[in-house]
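Chemist: Pasting in a structure now, in structure tokens, and then I'll have a few things to ask.
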Amino acid sequence: MLRSHMFRLTRQVGALALIVLYAVAMPAHSQATDGPAVPVTPAWSCPQLDEARFYSDDRYRYIRHGQGEWLFRTQTDLTALPPVSVAAVENFARLNRRLALSGTRLVISVMPPRGATMRQFIDLAGLRGQRFSPDAAMSFYGTTIKRLRGAGIVATDPLSAAGKSGFVLPGHSLEGASTEFYLSGDPRWTAYGAFVTARALRQEISKDPLFSRLTAKRFKTMPAPRQPVIQALRQEAHRICNSASPREMGIVYATVATQTTDAGAPSARPGAVTETPARPYLAGGEVVLVGTGSSVYDGANFSGFLREELATDVANHGIAGGGLSASILSYLSSEDYARTKPKFLIWEMQYHNLREADDLHLIVGAADGDCGKNALISGAATPVKLGQTTAFKVASADYSRIRGPVNAVMDFGKANIRRYHFYLNYSDGTKDRFDIDATRWSHPANKIIVRVPRDGTELVDISLVLDQRMTGKVSARICRATA
């Protein structure tokens, strides 16, 4: 039996904190001059949307049209996914405990299921017979939040917080503000969705004593001129149906740092306010954000809203297209994390990505870190060859040393290695597979630490298969894992 653990590790950091509130110029109906609206088949609707082979990315399957310009995906938006499993909650709790030992508070922000959140835009005809219960999807989401909180984890529910508080976007009145959480033609959220999530996070984080110890800074977010924007689902649908994609414009929001000068300052009059762009990425940082494309997407500027709401800098390590684990694994494996532990680690995730949460072994291992010379057992450096390399083998005399929870460390030294997979092979003939793809990381994946899913005494060896060219050696060691 083989269990596979896939982690897509990419990196994308925006150059400026921006938010886009989309204005879609694409009517779903034409209006007759002397009669009612006449339905029109959208240009992006075609039979090819039902066939997997036409999609450029499995995450887009299968596109269905909703009311007006709205698009939904059958495998995520229109599926009532079950709540996070008990096993996954225990993995999150283990990570939470480990980070707490380093003085870091884990804060989880789960984006609500898109289809259930935007149910008013679902077209029953567009579902074409697919059964979907928005109420069930929302109930499962609520259960997930309750289970995480029950395990002692700070977890936010932005929709509930927004409903209770009546959040309004900066520069808008309550009557004029958009209250659509998601974009109509893209899996990511709107400016409103990013803003209310940041506000909900502030409400939770401000309850923690650590919050008062953050370095205070002032930020301001305001609307700016419209810019052209692209919505991924709409672009994919037009590509598949070979139709022209309409030009869309969006209202842009920019977050800037503000500072009041002291009296007598030579560069400005006393009390003047100066503004500088908020930096989207910072080395170190007391507050660190890891997450999906919604965290780094220029059209959401989630980190910009977080800076303003928390009144402190936020280091954005988000990764677009990396699913649940890529961003946090990249960050916990970085020199940045090794040097400086943040006070708060905010982990933004999409609800459907929680299907990956049963397998957080690489993330928990990265949080533990490398034990180095304190290893329980270590192997000699082994030359890496084409095909499969046995990187480490447990000697019979060493089993008494590795009883209980352990981590396995794969160390490639200074090699620029980014794509490979390895196996933990067990005494009963089964194995666990872990796939690493760090091709767009800011640093190579030359040291990976995995929490061995089973007792250390069941581990027989570790084998490695490269998915890129490399010359050099790999060494492996077994460390004691935290409980």
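Convention: chains lettered A, B, ... in structure tokens order; per-chain residue numbering from 1; ligands numbered from 1 as shown.
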What are the DSSP alpha helix (DSSP H) residues of segment 102-163 of chain A, as a ChimeraX atom specification?
Modeler: /A:114-117,124-127,134-150,158-163
Chemist: Taking only C-alpha atoms into account, which of A:Gly365, A:Gly387, A:Gly429, A:Gly152 comes nearest Gln468 of chain A?
Modeler: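 Closest residue, counting only C-alpha atoms: A:Gly387.
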Chemist: Of the candidates A:Gly250, A:Lys217, A:Leu183, A:Arg59, which one gets nearest to Val229 of chain A if we count only C-alpha atoms?
Modeler: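 Answer, going by the shortest atom-to-atom distance: A:Gly250.
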Chemist: Please identify every residue of segment 152-235 of chain A that has at least one atom no farther than 8 Å from an atom of segment 64-87 of chain A, counting only C-alpha atoms, and for each give the shortest atom pair and the distance in Å to one decimal, arranged by chain then increasing number, as CSV.
Modeler:
residue,atom,partner,partner_atom,distance
A:Ser184,CA,A:Trp70,CA,4.6
A:Gly185,CA,A:Leu71,CA,5.3
A:Asp186,CA,A:Leu71,CA,7.7
A:Leu233,CA,A:Leu71,CA,6.9
A:Arg234,CA,A:Leu71,CA,7.2
Chemist: Do you know which residues are at most 9 Å from Val384 of chain A counting only C-alpha atoms, after dropping those on the same chain fewer than 2 positions away, and could you put them as a ChimeraX atom specification?
Modeler: /A:382,386-391,464-466,470-474
Chemist: List as a ChimeraX atom specification the protein and nucleic acid residues near segment 301-312 of chain A, meaning an atom at most 7 Å away when only C-alpha atoms are counted, but skip any in the same chain fewer than 4 places from it.
Modeler: /A:17-19,194-195,198-199,202,214-220,255,295-297,316
Chemist: Could the residues in this selection be written to a file with N, CA and C atoms, as a compact mmCIF listing (two decimals), in the first residue's frame?
Modeler:
# COMPACT_ATOMS: atom_id res chain seq x y z
N ALA A 17 0.95 46.63 -2.66
CA ALA A 17 -0.29 46.20 -2.03
C ALA A 17 -1.46 46.84 -2.76
N LEU A 18 -2.23 46.03 -3.48
CA LEU A 18 -3.36 46.55 -4.26
C LEU A 18 -4.58 45.69 -4.08
N ILE A 19 -5.74 46.31 -4.20
CA ILE A 19 -7.00 45.57 -4.12
C ILE A 19 -7.84 45.97 -5.31
N ALA A 194 -11.63 40.22 1.20
CA ALA A 194 -10.33 40.37 1.85
C ALA A 194 -10.42 41.30 3.05
N PHE A 195 -11.20 42.37 2.91
CA PHE A 195 -11.31 43.36 3.98
C PHE A 195 -12.01 42.77 5.20
N ALA A 198 -9.76 40.38 7.05
CA ALA A 198 -8.75 41.07 7.84
C ALA A 198 -9.36 41.65 9.12
N ARG A 199 -10.56 42.22 9.01
CA ARG A 199 -11.23 42.77 10.19
C ARG A 199 -11.58 41.67 11.19
N ARG A 202 -8.48 40.67 13.03
CA ARG A 202 -8.12 41.63 14.07
C ARG A 202 -8.95 41.40 15.33
N LEU A 214 3.02 43.99 19.80
CA LEU A 214 3.43 44.20 18.42
C LEU A 214 3.92 45.63 18.22
N THR A 215 4.90 45.81 17.35
CA THR A 215 5.40 47.14 17.01
C THR A 215 4.34 47.90 16.24
N ALA A 216 3.86 48.99 16.79
CA ALA A 216 2.74 49.72 16.20
C ALA A 216 3.19 50.59 15.03
N LYS A 217 2.43 50.53 13.93
CA LYS A 217 2.64 51.39 12.77
C LYS A 217 1.27 51.75 12.21
N ARG A 218 1.24 52.82 11.42
CA ARG A 218 -0.03 53.29 10.87
C ARG A 218 -0.09 53.05 9.37
N PHE A 219 -1.23 52.55 8.90
CA PHE A 219 -1.45 52.32 7.47
C PHE A 219 -2.82 52.85 7.08
N LYS A 220 -2.96 53.16 5.82
CA LYS A 220 -4.22 53.67 5.29
C LYS A 220 -4.48 53.05 3.93
N THR A 255 -2.73 50.40 -0.25
CA THR A 255 -2.41 50.57 1.16
C THR A 255 -1.06 51.27 1.29
N SER A 295 -3.88 35.46 -0.95
CA SER A 295 -3.03 36.25 -0.06
C SER A 295 -2.05 37.13 -0.83
N VAL A 296 -1.69 36.74 -2.05
CA VAL A 296 -0.68 37.49 -2.81
C VAL A 296 -1.26 38.13 -4.06
N TYR A 297 -2.49 37.82 -4.38
CA TYR A 297 -3.14 38.33 -5.58
C TYR A 297 -3.23 39.86 -5.53
N ASN A 316 4.47 38.97 4.07
CA ASN A 316 3.60 38.12 3.24
C ASN A 316 4.43 37.05 2.53
Chemist: For Leu329 of chain A, please output as number ranges by chain all residues within 12 Å (counting only C-alpha atoms; exclusion window: fewer than 2 positions along the same chain).
Modeler: A: 7-11, 95, 290-291, 317-319, 322-327, 331-334, 337, 347, 360-369, 436-438, 441, 443, 445, 447-450
Chemist: Include C-alpha atoms and write out the residues we just selected as a PDB file, in the first residue's frame.
Modeler:
ATOM      1  CA  PHE A   7       2.903  19.470  -2.285  1.00  0.00           C
ATOM      2  CA  ARG A   8       2.961  22.101  -5.046  1.00  0.00           C
ATOM      3  CA  LEU A   9       5.531  24.641  -3.972  1.00  0.00           C
ATOM      4  CA  THR A  10       5.444  27.858  -5.984  1.00  0.00           C
ATOM      5  CA  ARG A  11       6.053  31.445  -5.047  1.00  0.00           C
ATOM      6  CA  LEU A  95       1.418  22.068  14.748  1.00  0.00           C
ATOM      7  CA  VAL A 290       1.136  32.355   4.629  1.00  0.00           C
ATOM      8  CA  GLY A 291      -1.603  31.276   2.271  1.00  0.00           C
ATOM      9  CA  HIS A 317       4.936  34.662   2.321  1.00  0.00           C
ATOM     10  CA  GLY A 318       1.833  33.614   0.374  1.00  0.00           C
ATOM     11  CA  ILE A 319       2.170  31.380  -2.689  1.00  0.00           C
ATOM     12  CA  GLY A 322       0.255  25.973  -4.064  1.00  0.00           C
ATOM     13  CA  GLY A 323      -2.866  24.628  -2.395  1.00  0.00           C
ATOM     14  CA  LEU A 324      -3.023  24.144   1.349  1.00  0.00           C
ATOM     15  CA  SER A 325       0.609  23.413   2.160  1.00  0.00           C
ATOM     16  CA  ALA A 326       3.047  25.088  -0.239  1.00  0.00           C
ATOM     17  CA  SER A 327       3.267  28.495   1.387  1.00  0.00           C
ATOM     18  CA  TYR A 331       8.201  29.535   5.027  1.00  0.00           C
ATOM     19  CA  LEU A 332       8.885  27.048   7.836  1.00  0.00           C
ATOM     20  CA  SER A 333      11.756  25.617   5.746  1.00  0.00           C
ATOM     21  CA  SER A 334      13.310  29.032   5.121  1.00  0.00           C
ATOM     22  CA  TYR A 337      11.915  31.418   9.902  1.00  0.00           C
ATOM     23  CA  TRP A 347      -2.500  30.799   7.702  1.00  0.00           C
ATOM     24  CA  LEU A 360       0.627  17.600   7.318  1.00  0.00           C
ATOM     25  CA  HIS A 361       3.700  15.524   8.103  1.00  0.00           C
ATOM     26  CA  LEU A 362       6.107  17.761   6.171  1.00  0.00           C
ATOM     27  CA  ILE A 363       4.707  20.890   7.811  1.00  0.00           C
ATOM     28  CA  VAL A 364       4.906  19.481  11.338  1.00  0.00           C
ATOM     29  CA  GLY A 365       8.435  18.263  10.636  1.00  0.00           C
ATOM     30  CA  ALA A 366       9.500  21.672   9.328  1.00  0.00           C
ATOM     31  CA  ALA A 367       8.126  23.313  12.476  1.00  0.00           C
ATOM     32  CA  ASP A 368      10.248  20.971  14.598  1.00  0.00           C
ATOM     33  CA  GLY A 369      13.361  21.878  12.631  1.00  0.00           C
ATOM     34  CA  ILE A 436       8.501  18.020  -3.519  1.00  0.00           C
ATOM     35  CA  ASP A 437       8.288  20.693  -6.219  1.00  0.00           C
ATOM     36  CA  ALA A 438       9.986  23.943  -5.178  1.00  0.00           C
ATOM     37  CA  TRP A 441      10.503  28.964  -4.212  1.00  0.00           C
ATOM     38  CA  HIS A 443      15.130  29.158  -1.879  1.00  0.00           C
ATOM     39  CA  ALA A 445      14.332  22.576  -1.034  1.00  0.00           C
ATOM     40  CA  LYS A 447      16.651  20.317   3.455  1.00  0.00           C
ATOM     41  CA  ILE A 448      13.288  18.689   4.036  1.00  0.00           C
ATOM     42  CA  ILE A 449      12.090  17.360   7.383  1.00  0.00           C
ATOM     43  CA  VAL A 450       9.144  14.996   7.635  1.00  0.00           C
TER      44      VAL A 450
END
Chemist: Could you pull out all residues of segment 119-251 of chain A with a DSSP call of strand (DSSP E) and give them as a list in words?
Modeler: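 After running DSSP on the backbone, segment 119-251 of chain A has strand (DSSP E) at Val154, Ala155, Thr156, Arg218, Phe219, Lys220, Thr221, Met222, Pro223, Ala224, Pro225, Arg226, Gln227, Pro228, Val229, Glu248, Met249, Gly250 and Ile251 of chain A.
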Chemist: Mind dumping the selected residues with C-alpha atoms as a PDB file, in the first residue's frame?
Modeler:
ATOM      1  CA  VAL A 154      -7.589  30.494  16.821  1.00  0.00           C
ATOM      2  CA  ALA A 155      -9.851  30.164  13.763  1.00  0.00           C
ATOM      3  CA  THR A 156     -11.914  32.953  12.196  1.00  0.00           C
ATOM      4  CA  ARG A 218      -0.032  53.291  10.874  1.00  0.00           C
ATOM      5  CA  PHE A 219      -1.447  52.316   7.470  1.00  0.00           C
ATOM      6  CA  LYS A 220      -4.223  53.667   5.293  1.00  0.00           C
ATOM      7  CA  THR A 221      -6.109  52.009   2.424  1.00  0.00           C
ATOM      8  CA  MET A 222      -8.054  54.094  -0.076  1.00  0.00           C
ATOM      9  CA  PRO A 223      -9.548  53.609  -3.553  1.00  0.00           C
ATOM     10  CA  ALA A 224      -7.481  54.548  -6.595  1.00  0.00           C
ATOM     11  CA  PRO A 225      -8.172  54.719 -10.374  1.00  0.00           C
ATOM     12  CA  ARG A 226      -9.560  51.679 -12.219  1.00  0.00           C
ATOM     13  CA  GLN A 227      -7.217  49.192 -13.844  1.00  0.00           C
ATOM     14  CA  PRO A 228      -7.652  46.293 -16.311  1.00  0.00           C
ATOM     15  CA  VAL A 229      -8.182  42.987 -14.523  1.00  0.00           C
ATOM     16  CA  GLU A 248     -12.810  44.154 -17.561  1.00  0.00           C
ATOM     17  CA  MET A 249     -11.909  47.105 -15.367  1.00  0.00           C
ATOM     18  CA  GLY A 250     -11.664  47.240 -11.598  1.00  0.00           C
ATOM     19  CA  ILE A 251     -11.473  49.818  -8.827  1.00  0.00           C
TER      20      ILE A 251
END
Chemist: With only C-alpha atoms as the atoms that count, which of A:Ala161, A:Glu90, A:Gln48, A:Ile462 lies nearest to Ile63 of chain A?
Modeler: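 Going through A:Ala161, A:Glu90, A:Gln48, A:Ile462 one by one, the smallest distance to Ile63 of chain A is for A:Gln48.
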Chemist: Would you mind reading off the distance between atom CA of Leu459 of chain A and atom CA of Ala375 of chain A, one decimal, in Å?
Modeler: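 Here the two named atoms are 15.6 Å from each other.
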Chemist: With only C-alpha atoms as the atoms that count, which of A:Lys207, A:Trp189, A:Tyr399, A:Glu335 lies nearest to Gly299 of chain A?
Modeler: A:Trp189
Chemist: Take atom CA of Pro444 of chain A and atom CA of Arg419 of chain A and report the distance between them in Å, one decimal.
Modeler: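 That distance, rounded to one decimal, is 9.1 Å.
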Chemist: Using only C-alpha atoms, which protein or nucleic acid residues come within 10 Å of Ala162 of chain A? Drop anything in the same chain fewer than 6 positions from it, and give the result as an MDAnalysis selection string.
Modeler: chainID A and resid 168 179 192:193 195:197 199:200
Chemist: Could you tell me how far atom CA of Val287 of chain A sits from atom CA of Arg114 of chain A, in Å to one decimal place?
Modeler: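 These two atoms are separated by 27.1 Å.
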